[in-house]
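Participant: Below you will find the structure I want to go over with you.
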Amino acid sequence: MGNLLCCVQVDQSTVAIKERFGKFDEVMEPGCHCLPWFLGSQMAGHLSLRLQQLDVKCETKTKDNVFVNVVASIQYRALADKASDAFYKLSNTRSQIQAYVFDVIRASVPKLNLDDAFEQKNEIAKAVEDELEKAMSAYGYEIVQTLIVDIEPDEHVKRAMNEINAAARLRVAANEKAEAEKILQIKRAEGEAEAKYLSGLGIARQRQAIVDGLRDSVLGFSVNVPGTTAKDVMDMVLVTQYFDTMKEIGATSKSSAVFIPHGPGAVRDVASQIRDGLLQASQSS
């Protein structure tokens, strides 16, 4: 009915290309337009001005010889003031954009190692956008945004990268564990050294107390029992210590067997040995 009345409708965010006798005449904006077909006017087609997106997946190789699939997302739209160029100069806009994306990615990524490619995604996207903007502006298209949405290496490479990362983390954990064990051993050794030091002080004080007690006993016995000498007192003390030792050995069920000379003259022999040892120690010093 619109064609009979020579009227056509152009939707919003769309322009129409008007031709007259097969030659470009004008760009029709959204709205209602008169198109006298009997005068050779006709509508060649529509051109959308909406933002469009094209996802391009490109396989390439990095500098360290790893094959990766780079996925680029291109957002573009036709310019209203260059609608005739966008309609007539390109027969397949998406294929043209895809070709430029392939060219830039395959020229940029091989210069980078795999890790650098992940880190420099924005630089790769900027290079693609600059090249597309320069090329597509001549055809009436604007490149709004270019994104590198994914860099996907081969499955075996991803598994190897994960194993390397896991090994590095395990190495750090092992170092931390070893450092902790080292600190524990140092603290334990310091504690043992302190305990032995305090134990030595205790033993030294105990021996000092025993010596002081023996000295007081000898002096007191010599004073209270006239005619006794220090040697008699020491013999008596040694006899007492001897029988106390024998009593303790016999009272302890888990003690090992100790064979020592025992008899009426054993005490004298023990006393003589102790005195001889003390005399030798004093003479050597």
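Residue numbering restarts at 1 in every chain; chains get A, B, ... in the order shown in the structure tokens, and ligands count up from 1 in that same order.
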Would you list the contacts of range 144-152 of chain A as a compact mmCIF listing (two decimals) with C-alpha atoms, in the first residue's frame, taking every protein, DNA or RNA residue within 7 Å and counting only C-alpha atoms, but skipping same-chain residues closer than 2 positions in sequence?

Facilitator:
# COMPACT_ATOMS: atom_id res chain seq x y z
CA VAL A 68 46.99 -19.60 21.87
CA ASN A 69 43.45 -18.64 20.87
CA VAL A 70 42.91 -14.90 21.27
CA VAL A 71 39.28 -13.78 21.47
CA ALA A 72 38.67 -10.13 20.55
CA SER A 73 35.35 -8.34 20.92
CA ILE A 74 34.84 -5.46 18.45
CA GLN A 75 32.05 -2.92 19.04
CA TYR A 76 31.31 -0.77 16.00
CA PHE A 118 48.38 -11.99 29.46
CA LYS A 121 46.05 -7.50 26.84
CA ALA A 125 43.46 -4.31 22.20
CA GLU A 129 41.49 -0.61 17.77
CA GLU A 142 33.28 3.98 13.79
CA ASP A 154 46.43 -25.22 24.71

Participant: As a ChimeraX atom specification, please: the residues near Phe87 in chain A (cut-off 12 Å, only C-alpha atoms, same-chain neighbours under 6 positions excluded).

Facilitator: /A:15-18,24,26-27,44-49,78-81,93,139-141

Participant: At a cut-off of 8 Å, using only C-alpha atoms, what residues contact Ala127 in chain A? Leave out same-chain residues fewer than 4 positions from it and give the result as a short mmCIF file (atom, residue, chain, number, x, y, z; two decimals) with C-alpha atoms, in the first residue's frame.

Facilitator:
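Output saved as around-v1.cif:
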data_model
loop_
_atom_site.label_atom_id
_atom_site.label_comp_id
_atom_site.auth_asym_id
_atom_site.auth_seq_id
_atom_site.Cartn_x
_atom_site.Cartn_y
_atom_site.Cartn_z
CA VAL A 104 46.98 -7.10 13.96
CA GLU A 123 48.12 -2.93 24.62
CA GLU A 131 44.31 -0.21 13.08
#

Participant: Would you list the contacts of Cys32 in chain A as a ChimeraX atom specification, taking every protein, DNA or RNA residue within 7 Å and counting only C-alpha atoms, but skipping same-chain residues closer than 3 positions in sequence?

Facilitator: /A:7-10

Participant: Give me the residues within 12 Å of Lys158 in chain A as a list of chain:residue names, counting only C-alpha atoms and dropping any in the same chain fewer than 5 places off.

Facilitator: A:Val66, A:Phe67, A:Val68, A:Leu114, A:Asp115, A:Ile151, A:Glu152, A:Pro153, A:Glu163, A:Ile164, A:Asn165

Participant: Take the residues that were just selected and, keeping N, CA and C atoms, output them as a CSV table (one decimal), in the first residue's frame.

Facilitator:
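The result, stored in again-v1.csv:
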chain,number,residue,atom,x,y,z
A,66,VAL,N,54.2,-21.0,22.0
A,66,VAL,CA,53.0,-21.5,22.6
A,66,VAL,C,51.8,-21.1,21.7
A,67,PHE,N,51.0,-22.0,21.2
A,67,PHE,CA,49.8,-21.6,20.4
A,67,PHE,C,48.7,-21.3,21.4
A,68,VAL,N,48.1,-20.1,21.1
A,68,VAL,CA,47.0,-19.6,21.9
A,68,VAL,C,45.8,-19.2,21.0
A,114,LEU,N,54.3,-15.8,26.5
A,114,LEU,CA,52.9,-16.1,27.0
A,114,LEU,C,52.5,-15.3,28.2
A,115,ASP,N,53.4,-15.2,29.2
A,115,ASP,CA,53.1,-14.4,30.4
A,115,ASP,C,52.9,-12.9,30.0
A,151,ILE,N,42.5,-15.0,26.4
A,151,ILE,CA,43.7,-15.6,25.8
A,151,ILE,C,43.8,-17.0,26.3
A,152,GLU,N,43.5,-18.0,25.4
A,152,GLU,CA,43.4,-19.3,25.9
A,152,GLU,C,44.5,-20.2,25.2
A,153,PRO,N,45.5,-20.6,26.0
A,153,PRO,CA,46.5,-21.5,25.5
A,153,PRO,C,46.0,-22.9,25.4
A,163,GLU,N,50.6,-26.6,37.2
A,163,GLU,CA,51.5,-27.4,38.0
A,163,GLU,C,52.7,-26.5,38.4
A,164,ILE,N,53.2,-25.6,37.5
A,164,ILE,CA,54.3,-24.8,37.9
A,164,ILE,C,53.9,-23.9,39.1
A,165,ASN,N,52.7,-23.3,39.0
A,165,ASN,CA,52.2,-22.5,40.1
A,165,ASN,C,52.0,-23.2,41.4

Participant: How many Å separate CA of Ala86 in chain A from CA of Met136 in chain A?

Facilitator: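 Spanning CA of Ala86 in chain A to CA of Met136 in chain A is a straight-line distance of 9.1 Å.
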
Participant: Rounded to one decimal, what separation in Å do you get between CA of Cys6 in chain A and CA of Leu39 in chain A?

Facilitator: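 According to the coordinates, CA of Cys6 in chain A and CA of Leu39 in chain A are separated by 10.3 Å.
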
Participant: Please report the interatomic distance between CA of Leu132 in chain A and CA of Leu54 in chain A in Å with one decimal.

Facilitator: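 Going from CA of Leu132 in chain A over to CA of Leu54 in chain A covers 12.7 Å.
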
Participant: Enumerate as a ChimeraX atom specification all residues of range 142-218 of chain A assigned to strand (DSSP E or B) by DSSP on the backbone, naming them with the chain letters and numbers the document uses.

Facilitator: /A:142-153

Participant: Within 7 Å of Thr62 in chain A, counting only C-alpha atoms, which residues show up once you throw out same-chain ones fewer than 2 positions away? Write them as a list of chain:residue names, please.

Facilitator: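 With the cut-off at 7 Å, the set is A:Thr60, A:Asp64, A:Asn65, A:Val66, A:Phe67, A:Val109, A:Pro110, A:Lys111, A:Leu112, A:Asn113, A:Leu114.
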
Participant: Give me a file of those residues, with N, CA and C atoms, as a compact mmCIF listing (two decimals), in the first residue's frame.

Facilitator:
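This is the output file part.txt:
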# COMPACT_ATOMS: atom_id res chain seq x y z
N THR A 60 47.03 -17.99 17.17
CA THR A 60 48.36 -17.50 16.84
C THR A 60 49.38 -18.12 17.78
N ASP A 64 57.46 -17.55 22.78
CA ASP A 64 58.02 -18.78 23.34
C ASP A 64 57.34 -20.03 22.77
N ASN A 65 56.79 -19.89 21.54
CA ASN A 65 56.27 -21.03 20.77
C ASN A 65 55.11 -21.74 21.45
N VAL A 66 54.19 -20.97 22.00
CA VAL A 66 52.98 -21.53 22.58
C VAL A 66 51.79 -21.06 21.73
N PHE A 67 51.01 -22.00 21.23
CA PHE A 67 49.84 -21.65 20.43
C PHE A 67 48.69 -21.26 21.37
N VAL A 109 51.04 -10.50 18.88
CA VAL A 109 51.24 -11.56 19.88
C VAL A 109 52.56 -12.31 19.68
N PRO A 110 53.00 -12.62 18.45
CA PRO A 110 54.28 -13.34 18.31
C PRO A 110 55.48 -12.59 18.84
N LYS A 111 55.35 -11.31 19.17
CA LYS A 111 56.46 -10.56 19.74
C LYS A 111 56.53 -10.69 21.27
N LEU A 112 55.53 -11.36 21.86
CA LEU A 112 55.43 -11.43 23.31
C LEU A 112 55.51 -12.88 23.78
N ASN A 113 56.09 -13.07 24.96
CA ASN A 113 56.00 -14.37 25.63
C ASN A 113 54.59 -14.56 26.16
N LEU A 114 54.29 -15.80 26.54
CA LEU A 114 52.93 -16.11 26.97
C LEU A 114 52.52 -15.27 28.18
